[in-house]
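Chemist: The structure file final.cif (mmCIF, C-alpha atoms) is provided below.
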data_final
loop_
_atom_site.group_PDB
_atom_site.id
_atom_site.type_symbol
_atom_site.label_atom_id
_atom_site.label_comp_id
_atom_site.auth_asym_id
_atom_site.auth_seq_id
_atom_site.Cartn_x
_atom_site.Cartn_y
_atom_site.Cartn_z
ATOM 1 C CA MET U 5 0.000 0.000 0.000
ATOM 2 C CA ALA U 6 1.358 3.417 -0.947
ATOM 3 C CA LYS U 7 2.347 5.747 1.872
ATOM 4 C CA GLY U 8 -0.406 8.224 0.954
ATOM 5 C CA ASP U 9 -2.992 5.440 0.886
ATOM 6 C CA ALA U 10 -1.845 4.192 4.296
ATOM 7 C CA ALA U 11 -2.116 7.677 5.803
ATOM 8 C CA ALA U 12 -5.585 8.162 4.301
ATOM 9 C CA ARG U 13 -6.669 4.811 5.681
ATOM 10 C CA GLU U 14 -5.433 5.739 9.155
ATOM 11 C CA ARG U 15 -7.392 8.998 9.044
ATOM 12 C CA LEU U 16 -10.525 7.162 7.925
ATOM 13 C CA LEU U 17 -10.165 4.649 10.749
ATOM 14 C CA ALA U 18 -9.793 7.414 13.339
ATOM 15 C CA GLU U 19 -12.864 9.238 12.008
ATOM 16 C CA ALA U 20 -14.837 6.020 11.735
ATOM 17 C CA ALA U 21 -14.018 5.071 15.328
ATOM 18 C CA ALA U 22 -15.256 8.448 16.601
ATOM 19 C CA PHE U 23 -18.407 8.170 14.491
ATOM 20 C CA LEU U 24 -19.002 4.617 15.707
ATOM 21 C CA ARG U 25 -18.692 5.689 19.331
ATOM 22 C CA ARG U 26 -21.333 8.383 18.776
ATOM 23 C CA ARG U 27 -23.761 6.430 16.627
ATOM 24 C CA GLY U 28 -23.258 2.817 17.658
ATOM 25 C CA ALA U 29 -22.933 -0.118 15.281
ATOM 26 C CA GLU U 30 -26.559 0.127 14.206
ATOM 27 C CA GLY U 31 -26.232 3.770 13.214
ATOM 28 C CA THR U 32 -22.933 3.404 11.385
ATOM 29 C CA THR U 33 -23.374 2.704 7.688
ATOM 30 C CA MET U 34 -20.872 3.307 4.924
ATOM 31 C CA ARG U 35 -23.214 5.871 3.381
ATOM 32 C CA ALA U 36 -23.755 7.729 6.688
ATOM 33 C CA LEU U 37 -20.040 7.743 7.447
ATOM 34 C CA ALA U 38 -19.141 8.957 3.952
ATOM 35 C CA ARG U 39 -21.720 11.735 4.244
ATOM 36 C CA HIS U 40 -20.290 12.720 7.638
ATOM 37 C CA LEU U 41 -16.776 12.815 6.168
ATOM 38 C CA GLY U 42 -17.864 14.725 3.088
ATOM 39 C CA ILE U 43 -16.575 12.073 0.702
ATOM 40 C CA GLY U 44 -18.108 9.565 -1.664
ATOM 41 C CA ALA U 45 -18.886 6.083 -0.391
ATOM 42 C CA ALA U 46 -16.531 4.731 -3.085
ATOM 43 C CA SER U 47 -13.629 6.281 -1.168
ATOM 44 C CA LEU U 48 -14.496 4.147 1.852
ATOM 45 C CA TYR U 49 -14.903 1.007 -0.243
ATOM 46 C CA TYR U 50 -11.478 1.634 -1.735
ATOM 47 C CA HIS U 51 -9.963 1.002 1.701
ATOM 48 C CA PHE U 52 -12.499 -1.391 3.269
ATOM 49 C CA PRO U 53 -14.531 -4.112 1.542
ATOM 50 C CA ASP U 54 -17.646 -3.514 3.626
ATOM 51 C CA ARG U 55 -19.031 -1.908 6.779
ATOM 52 C CA ASP U 56 -18.377 -4.924 8.993
ATOM 53 C CA ALA U 57 -14.704 -4.997 8.040
ATOM 54 C CA LEU U 58 -14.396 -1.296 8.848
ATOM 55 C CA LEU U 59 -16.153 -1.601 12.222
ATOM 56 C CA ALA U 60 -14.190 -4.705 13.160
ATOM 57 C CA GLU U 61 -10.882 -3.015 12.399
ATOM 58 C CA CYS U 62 -11.876 0.044 14.453
ATOM 59 C CA LEU U 63 -12.762 -2.146 17.398
ATOM 60 C CA GLU U 64 -9.691 -4.343 17.149
ATOM 61 C CA ARG U 65 -7.377 -1.317 17.033
ATOM 62 C CA GLU U 66 -9.013 0.046 20.186
ATOM 63 C CA LEU U 67 -8.672 -3.339 21.874
ATOM 64 C CA VAL U 68 -4.969 -3.348 21.052
ATOM 65 C CA GLY U 69 -4.684 -0.134 23.055
ATOM 66 C CA LEU U 70 -6.655 -1.594 25.957
ATOM 67 C CA GLU U 71 -4.636 -4.819 25.931
ATOM 68 C CA THR U 72 -1.390 -2.817 25.960
ATOM 69 C CA ALA U 73 -2.583 -0.714 28.916
ATOM 70 C CA VAL U 74 -3.723 -3.796 30.848
ATOM 71 C CA LEU U 75 -0.505 -5.723 30.252
ATOM 72 C CA ARG U 76 1.543 -2.684 31.269
ATOM 73 C CA ALA U 77 -0.491 -2.303 34.487
ATOM 74 C CA ALA U 78 -0.225 -6.020 35.270
ATOM 75 C CA ALA U 79 3.553 -6.017 34.824
ATOM 76 C CA GLY U 80 4.119 -2.710 36.588
ATOM 77 C CA GLY U 81 5.424 -2.145 40.054
ATOM 78 C CA GLY U 82 3.280 -1.741 43.091
ATOM 79 C CA ALA U 83 1.135 -3.980 45.196
ATOM 80 C CA PRO U 84 -1.285 -6.394 43.516
ATOM 81 C CA ALA U 85 -4.254 -4.277 44.645
ATOM 82 C CA GLU U 86 -2.761 -1.223 42.923
ATOM 83 C CA ARG U 87 -2.289 -3.177 39.714
ATOM 84 C CA VAL U 88 -5.838 -4.545 39.890
ATOM 85 C CA ALA U 89 -7.076 -0.965 40.286
ATOM 86 C CA ALA U 90 -5.076 0.183 37.246
ATOM 87 C CA ILE U 91 -6.437 -2.677 35.122
ATOM 88 C CA LEU U 92 -10.015 -1.953 36.158
ATOM 89 C CA ALA U 93 -9.631 1.774 35.491
ATOM 90 C CA ALA U 94 -8.304 1.093 31.979
ATOM 91 C CA HIS U 95 -11.105 -1.353 31.231
ATOM 92 C CA ILE U 96 -13.837 0.961 32.528
ATOM 93 C CA ALA U 97 -12.454 3.879 30.511
ATOM 94 C CA PHE U 98 -12.522 1.694 27.412
ATOM 95 C CA GLN U 99 -16.124 0.656 28.025
ATOM 96 C CA LEU U 100 -17.243 4.234 28.626
ATOM 97 C CA ARG U 101 -15.509 5.392 25.466
ATOM 98 C CA TRP U 102 -17.004 2.651 23.303
ATOM 99 C CA ALA U 103 -20.509 2.539 24.726
ATOM 100 C CA GLY U 104 -20.679 6.318 24.576
ATOM 101 C CA ARG U 105 -23.825 8.145 23.636
ATOM 102 C CA ALA U 106 -24.825 5.353 21.300
ATOM 103 C CA GLY U 107 -24.913 2.855 24.161
ATOM 104 C CA ARG U 108 -27.216 5.068 26.175
ATOM 105 C CA ARG U 109 -29.473 5.882 23.225
ATOM 106 C CA HIS U 110 -29.882 2.268 22.158
ATOM 107 C CA GLY U 111 -29.979 0.856 25.679
ATOM 108 C CA ARG U 112 -27.080 -1.446 24.828
ATOM 109 C CA ALA U 113 -23.719 -1.318 26.513
ATOM 110 C CA GLY U 114 -20.402 -3.057 26.304
ATOM 111 C CA LEU U 115 -18.840 -4.720 23.298
ATOM 112 C CA ALA U 116 -21.647 -7.179 22.507
ATOM 113 C CA PRO U 117 -23.407 -4.964 19.913
ATOM 114 C CA LEU U 118 -20.129 -4.433 18.098
ATOM 115 C CA LEU U 119 -19.155 -8.105 18.109
ATOM 116 C CA GLU U 120 -22.391 -9.423 16.657
ATOM 117 C CA GLY U 121 -22.034 -10.668 13.145
ATOM 118 C CA LEU U 122 -18.255 -10.362 12.829
ATOM 119 C CA PRO U 123 -16.535 -12.831 10.502
ATOM 120 C CA PRO U 124 -15.169 -15.836 12.444
ATOM 121 C CA ALA U 125 -11.494 -15.018 11.810
ATOM 122 C CA ARG U 126 -11.878 -11.448 13.038
ATOM 123 C CA ARG U 127 -13.908 -12.622 16.036
ATOM 124 C CA ARG U 128 -11.166 -15.085 16.978
ATOM 125 C CA ARG U 129 -8.553 -12.324 16.940
ATOM 126 C CA ILE U 130 -10.723 -10.099 19.113
ATOM 127 C CA ASP U 131 -11.487 -13.013 21.443
ATOM 128 C CA ALA U 132 -7.740 -13.636 21.794
ATOM 129 C CA ARG U 133 -7.197 -10.024 22.882
ATOM 130 C CA GLN U 134 -10.019 -10.279 25.401
ATOM 131 C CA ARG U 135 -8.543 -13.513 26.763
ATOM 132 C CA ALA U 136 -5.182 -11.790 27.158
ATOM 133 C CA ILE U 137 -6.862 -9.061 29.221
ATOM 134 C CA VAL U 138 -8.620 -11.598 31.440
ATOM 135 C CA GLY U 139 -5.396 -13.600 31.743
ATOM 136 C CA ALA U 140 -3.392 -10.578 32.839
ATOM 137 C CA LEU U 141 -5.908 -9.714 35.554
ATOM 138 C CA ARG U 142 -6.135 -13.342 36.645
ATOM 139 C CA ALA U 143 -2.349 -13.501 37.022
ATOM 140 C CA VAL U 144 -2.306 -10.434 39.281
ATOM 141 C CA LEU U 145 -5.186 -11.826 41.337
ATOM 142 C CA THR U 146 -3.366 -15.153 41.742
ATOM 143 C CA GLU U 147 -0.144 -13.415 42.715
ATOM 144 C CA GLY U 148 -1.974 -11.311 45.303
ATOM 145 C CA SER U 149 -3.803 -14.333 46.674
ATOM 146 C CA VAL U 150 -0.605 -16.385 47.045
ATOM 147 C CA ALA U 151 1.043 -13.454 48.822
ATOM 148 C CA GLY U 152 -1.947 -13.123 51.169
ATOM 149 C CA GLU U 153 -2.620 -9.573 49.971
ATOM 150 C CA LEU U 154 -5.835 -10.356 48.105
ATOM 151 C CA LEU U 155 -8.742 -12.621 48.968
ATOM 152 C CA VAL U 156 -9.451 -14.582 45.787
ATOM 153 C CA PRO U 157 -11.111 -18.019 46.172
ATOM 154 C CA ASP U 158 -10.972 -18.629 42.390
ATOM 155 C CA ALA U 159 -9.085 -16.267 40.112
ATOM 156 C CA THR U 160 -10.945 -16.975 36.860
ATOM 157 C CA PRO U 161 -14.532 -16.135 37.865
ATOM 158 C CA THR U 162 -13.216 -13.295 40.019
ATOM 159 C CA ALA U 163 -11.433 -11.772 37.016
ATOM 160 C CA PHE U 164 -14.600 -11.966 34.913
ATOM 161 C CA ALA U 165 -16.694 -10.500 37.751
ATOM 162 C CA LEU U 166 -14.315 -7.569 38.157
ATOM 163 C CA LEU U 167 -14.228 -6.805 34.438
ATOM 164 C CA SER U 168 -18.010 -6.947 34.234
ATOM 165 C CA LEU U 169 -18.165 -3.862 36.485
ATOM 166 C CA GLY U 170 -17.458 -1.655 33.492
ATOM 167 C CA GLU U 171 -19.797 -3.287 31.003
ATOM 168 C CA HIS U 172 -22.848 -1.217 31.904
ATOM 169 C CA ALA U 173 -21.061 1.819 33.278
ATOM 170 C CA ILE U 174 -22.575 3.999 30.564
ATOM 171 C CA ALA U 175 -25.996 3.513 32.164
ATOM 172 C CA TRP U 176 -24.857 5.557 35.173
ATOM 173 C CA ALA U 177 -22.304 7.921 33.662
ATOM 174 C CA ARG U 178 -23.447 11.546 33.485
ATOM 175 C CA PRO U 179 -20.744 13.798 32.003
ATOM 176 C CA LYS U 180 -22.069 16.899 33.764
ATOM 177 C CA GLY U 181 -23.654 15.217 36.752
ATOM 178 C CA ARG U 182 -22.566 13.760 40.053
ATOM 179 C CA LEU U 183 -21.259 10.605 38.399
ATOM 180 C CA GLY U 184 -19.086 11.872 35.601
ATOM 181 C CA PRO U 185 -16.669 9.407 33.967
ATOM 182 C CA ALA U 186 -13.883 10.021 36.507
ATOM 183 C CA ALA U 187 -16.139 9.762 39.554
ATOM 184 C CA LEU U 188 -17.860 6.679 38.192
ATOM 185 C CA THR U 189 -14.525 5.030 37.420
ATOM 186 C CA ASP U 190 -13.316 5.737 40.971
ATOM 187 C CA LEU U 191 -16.526 4.277 42.399
ATOM 188 C CA LEU U 192 -16.396 1.098 40.331
ATOM 189 C CA VAL U 193 -12.688 0.561 40.989
ATOM 190 C CA ALA U 194 -13.322 0.963 44.735
ATOM 191 C CA LEU U 195 -16.156 -1.568 44.561
ATOM 192 C CA GLY U 196 -13.931 -3.967 42.669
ATOM 193 C CA LEU U 197 -11.150 -3.685 45.228
ATOM 194 C CA ARG U 198 -13.603 -4.347 48.046
ATOM 195 C CA MET U 199 -14.441 -7.634 46.341
ATOM 196 C CA VAL U 200 -10.868 -8.888 46.615
ATOM 197 C CA THR U 201 -9.363 -7.051 49.585
ATOM 198 C CA PRO U 202 -9.305 -8.916 52.905
ATOM 199 C CA ALA U 203 -11.295 -7.238 55.654
ATOM 200 C CA ALA U 204 -9.150 -5.298 58.102
ATOM 201 C CA GLY U 205 -8.905 -6.501 61.650
#
Have the structure of the file written as structure tokens, please.
Modeler:
Amino acid sequence: MAKGDAAARERLLAEAAAFLRRRGAEGTTMRALARHLGIGAASLYYHFPDRDALLAECLERELVGLETAVLRAAAGGGAPAERVAAILAAHIAFQLRWAGRAGRRHGRAGLAPLLEGLPPARRRRIDARQRAIVGALRAVLTEGSVAGELLVPDATPTAFALLSLGEHAIAWARPKGRLGPAALTDLLVALGLRMVTPAAG
């Protein structure tokens, strides 16, 4: 791919991701996106074979960023509880960014609406990234449990339970209200830590 084509494709992906976050998967069509960008639909089809391929690539690129942040937090210094908090904060921020206004408008949150109907190969790649995120959190939980710093009867279901805290965060997030994204993230992280922190005394 020529350098100019690659740069144009990157710009289209960035714009498409922002549009997708606002409109949701249901509201993102090639025609609507092209109209928003002020270009012909043929320009989009030059870079992407269809809408699903475009949406899947947007989502996978975002998941790469989340996976990188989670792996960095898991491998970082600090106590296990601090690393769990960093992982949860990154995951909640991702969910809030992707659910966005579209999630509230359509009453659907999390990644499920974006994953429906993806081609099997793309779905497997995305599933692998999600497994890496769960695995990183599970490893920190296990480490903390072995060290006696965290109370984790079973690391796998605990990891899934902690990550599920962010899946419907958009239902409570109010950008200008009492529970803005930062306050809501702090609340959910605190709740998550209470699930795995031994009681004092």
Chemist: Rank U:Ala143, U:Pro123, U:Arg133, U:Arg39 by their smallest atom-to-atom distance to Ala79 in chain U, using only C-alpha atoms, and report the top residue only.
Modeler: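 Of all the options, U:Ala143 lies closest to Ala79 in chain U.
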Chemist: Can you measure CA of Val144 in chain U to CA of Pro84 in chain U for me? One decimal in Å is fine.
Modeler: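 CA of Pro84 in chain U lies 5.9 Å from CA of Val144 in chain U.
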Chemist: Around the point (-15.2, -6.7, 12.0) (coordinates from the file), which residues reach within 12 Å if we count all atoms listed in the file? Answer as a CSV table (one decimal) with C-alpha atoms, in the frame of the given file.
Modeler:
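The resulting result04.csv:
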chain,number,residue,atom,x,y,z
U,29,ALA,CA,-22.9,-0.1,15.3
U,52,PHE,CA,-12.5,-1.4,3.3
U,53,PRO,CA,-14.5,-4.1,1.5
U,54,ASP,CA,-17.6,-3.5,3.6
U,55,ARG,CA,-19.0,-1.9,6.8
U,56,ASP,CA,-18.4,-4.9,9.0
U,57,ALA,CA,-14.7,-5.0,8.0
U,58,LEU,CA,-14.4,-1.3,8.8
U,59,LEU,CA,-16.2,-1.6,12.2
U,60,ALA,CA,-14.2,-4.7,13.2
U,61,GLU,CA,-10.9,-3.0,12.4
U,62,CYS,CA,-11.9,0.0,14.5
U,63,LEU,CA,-12.8,-2.1,17.4
U,64,GLU,CA,-9.7,-4.3,17.1
U,65,ARG,CA,-7.4,-1.3,17.0
U,117,PRO,CA,-23.4,-5.0,19.9
U,118,LEU,CA,-20.1,-4.4,18.1
U,119,LEU,CA,-19.2,-8.1,18.1
U,120,GLU,CA,-22.4,-9.4,16.7
U,121,GLY,CA,-22.0,-10.7,13.1
U,122,LEU,CA,-18.3,-10.4,12.8
U,123,PRO,CA,-16.5,-12.8,10.5
U,124,PRO,CA,-15.2,-15.8,12.4
U,125,ALA,CA,-11.5,-15.0,11.8
U,126,ARG,CA,-11.9,-11.4,13.0
U,127,ARG,CA,-13.9,-12.6,16.0
U,128,ARG,CA,-11.2,-15.1,17.0
U,129,ARG,CA,-8.6,-12.3,16.9
U,130,ILE,CA,-10.7,-10.1,19.1
U,131,ASP,CA,-11.5,-13.0,21.4
Chemist: When you look at range 193-198 of chain U with a cut-off of 7 Å (counting only C-alpha atoms), what residues show up, excluding the ones that are within fewer than 6 positions of it in the same chain? I need them as an MDAnalysis selection string.
Modeler: chainID U and resid 85 89 92:93 166
Chemist: Please, what is the axis-aligned box for every listed atom of range 155-170 of chain U with 5 Å on each side, as centre and edge lengths in Å to one decimal, as JSON?
Modeler:
{"center_x": -13.5, "center_y": -10.1, "center_z": 41.2, "size_x": 19.4, "size_y": 27.0, "size_z": 25.5}
Chemist: Rounded to one decimal, what separation in Å do you get between CA of Thr146 in chain U and CA of Ala78 in chain U?
Modeler: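 Spanning CA of Thr146 in chain U to CA of Ala78 in chain U is a straight-line distance of 11.6 Å.
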Chemist: Using the chain letters and residue numbers of this document, give as an NGL selection string the residues selected by the PyMOL selection byres ((chain U and resi 170) around 10).
Modeler: :U and (92-100 or 113-114 or 165-169 or 171-174 or 188-189 or 192-193)
Chemist: Given the file above and the PyMOL selection byres ((chain U and resi 148) around 12), which residues are selected, and can you give them as a VMD selection string?
Modeler: chain U and resid 78 82 to 88 141 to 147 149 to 159 197 200 to 202
Chemist: Could those residues be written to a file, using C-alpha atoms, as a short mmCIF file (atom, residue, chain, number, x, y, z; two decimals), keeping the file's coordinate frame?
Modeler:
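Output below, filename part.cif:
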data_model
loop_
_atom_site.label_atom_id
_atom_site.label_comp_id
_atom_site.auth_asym_id
_atom_site.auth_seq_id
_atom_site.Cartn_x
_atom_site.Cartn_y
_atom_site.Cartn_z
CA ALA U 78 -0.22 -6.02 35.27
CA GLY U 82 3.28 -1.74 43.09
CA ALA U 83 1.14 -3.98 45.20
CA PRO U 84 -1.28 -6.39 43.52
CA ALA U 85 -4.25 -4.28 44.64
CA GLU U 86 -2.76 -1.22 42.92
CA ARG U 87 -2.29 -3.18 39.71
CA VAL U 88 -5.84 -4.54 39.89
CA LEU U 141 -5.91 -9.71 35.55
CA ARG U 142 -6.14 -13.34 36.65
CA ALA U 143 -2.35 -13.50 37.02
CA VAL U 144 -2.31 -10.43 39.28
CA LEU U 145 -5.19 -11.83 41.34
CA THR U 146 -3.37 -15.15 41.74
CA GLU U 147 -0.14 -13.42 42.72
CA SER U 149 -3.80 -14.33 46.67
CA VAL U 150 -0.60 -16.39 47.04
CA ALA U 151 1.04 -13.45 48.82
CA GLY U 152 -1.95 -13.12 51.17
CA GLU U 153 -2.62 -9.57 49.97
CA LEU U 154 -5.84 -10.36 48.10
CA LEU U 155 -8.74 -12.62 48.97
CA VAL U 156 -9.45 -14.58 45.79
CA PRO U 157 -11.11 -18.02 46.17
CA ASP U 158 -10.97 -18.63 42.39
CA ALA U 159 -9.09 -16.27 40.11
CA LEU U 197 -11.15 -3.68 45.23
CA VAL U 200 -10.87 -8.89 46.62
CA THR U 201 -9.36 -7.05 49.58
CA PRO U 202 -9.30 -8.92 52.90
#
Chemist: What is the CA of Gly44 in chain U-CA of Gly31 in chain U distance in Å, reported with one decimal?
Modeler: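 Atom-to-atom, CA of Gly44 in chain U and CA of Gly31 in chain U are spaced 17.9 Å apart.
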Chemist: Could I get range 15-31 of chain U rebuilt with N, CA and C atoms, written as a PDB file, in the coordinates of the input?
Modeler:
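selection25.pdb, freshly written:
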ATOM      1  N   ARG U  15      -6.462   7.897   8.734  1.00  0.00           N
ATOM      2  CA  ARG U  15      -7.392   8.998   9.044  1.00  0.00           C
ATOM      3  C   ARG U  15      -8.837   8.513   9.007  1.00  0.00           C
ATOM      4  N   LEU U  16      -9.165   7.697   8.020  1.00  0.00           N
ATOM      5  CA  LEU U  16     -10.525   7.162   7.925  1.00  0.00           C
ATOM      6  C   LEU U  16     -10.863   6.302   9.138  1.00  0.00           C
ATOM      7  N   LEU U  17      -9.912   5.485   9.574  1.00  0.00           N
ATOM      8  CA  LEU U  17     -10.165   4.649  10.749  1.00  0.00           C
ATOM      9  C   LEU U  17     -10.407   5.494  11.994  1.00  0.00           C
ATOM     10  N   ALA U  18      -9.621   6.544  12.171  1.00  0.00           N
ATOM     11  CA  ALA U  18      -9.793   7.414  13.339  1.00  0.00           C
ATOM     12  C   ALA U  18     -11.159   8.084  13.300  1.00  0.00           C
ATOM     13  N   GLU U  19     -11.551   8.589  12.138  1.00  0.00           N
ATOM     14  CA  GLU U  19     -12.864   9.238  12.008  1.00  0.00           C
ATOM     15  C   GLU U  19     -13.990   8.227  12.185  1.00  0.00           C
ATOM     16  N   ALA U  20     -13.813   7.051  11.618  1.00  0.00           N
ATOM     17  CA  ALA U  20     -14.837   6.020  11.735  1.00  0.00           C
ATOM     18  C   ALA U  20     -15.029   5.585  13.178  1.00  0.00           C
ATOM     19  N   ALA U  21     -13.923   5.468  13.920  1.00  0.00           N
ATOM     20  CA  ALA U  21     -14.018   5.071  15.328  1.00  0.00           C
ATOM     21  C   ALA U  21     -14.800   6.104  16.130  1.00  0.00           C
ATOM     22  N   ALA U  22     -14.526   7.388  15.891  1.00  0.00           N
ATOM     23  CA  ALA U  22     -15.256   8.448  16.601  1.00  0.00           C
ATOM     24  C   ALA U  22     -16.736   8.426  16.238  1.00  0.00           C
ATOM     25  N   PHE U  23     -17.025   8.232  14.955  1.00  0.00           N
ATOM     26  CA  PHE U  23     -18.407   8.170  14.491  1.00  0.00           C
ATOM     27  C   PHE U  23     -19.120   6.969  15.104  1.00  0.00           C
ATOM     28  N   LEU U  24     -18.439   5.834  15.132  1.00  0.00           N
ATOM     29  CA  LEU U  24     -19.002   4.617  15.707  1.00  0.00           C
ATOM     30  C   LEU U  24     -19.315   4.794  17.179  1.00  0.00           C
ATOM     31  N   ARG U  25     -18.436   5.470  17.906  1.00  0.00           N
ATOM     32  CA  ARG U  25     -18.692   5.689  19.331  1.00  0.00           C
ATOM     33  C   ARG U  25     -19.926   6.560  19.536  1.00  0.00           C
ATOM     34  N   ARG U  26     -20.159   7.513  18.646  1.00  0.00           N
ATOM     35  CA  ARG U  26     -21.333   8.383  18.776  1.00  0.00           C
ATOM     36  C   ARG U  26     -22.613   7.702  18.336  1.00  0.00           C
ATOM     37  N   ARG U  27     -22.549   6.954  17.254  1.00  0.00           N
ATOM     38  CA  ARG U  27     -23.761   6.430  16.627  1.00  0.00           C
ATOM     39  C   ARG U  27     -24.068   4.976  16.958  1.00  0.00           C
ATOM     40  N   GLY U  28     -23.064   4.237  17.426  1.00  0.00           N
ATOM     41  CA  GLY U  28     -23.258   2.817  17.658  1.00  0.00           C
ATOM     42  C   GLY U  28     -23.160   2.047  16.360  1.00  0.00           C
ATOM     43  N   ALA U  29     -23.068   0.707  16.477  1.00  0.00           N
ATOM     44  CA  ALA U  29     -22.933  -0.118  15.281  1.00  0.00           C
ATOM     45  C   ALA U  29     -24.147   0.002  14.382  1.00  0.00           C
ATOM     46  N   GLU U  30     -25.333   0.076  14.997  1.00  0.00           N
ATOM     47  CA  GLU U  30     -26.559   0.127  14.206  1.00  0.00           C
ATOM     48  C   GLU U  30     -26.651   1.396  13.375  1.00  0.00           C
ATOM     49  N   GLY U  31     -26.124   2.488  13.903  1.00  0.00           N
ATOM     50  CA  GLY U  31     -26.232   3.770  13.214  1.00  0.00           C
ATOM     51  C   GLY U  31     -25.067   4.089  12.305  1.00  0.00           C
TER      52      GLY U  31
END
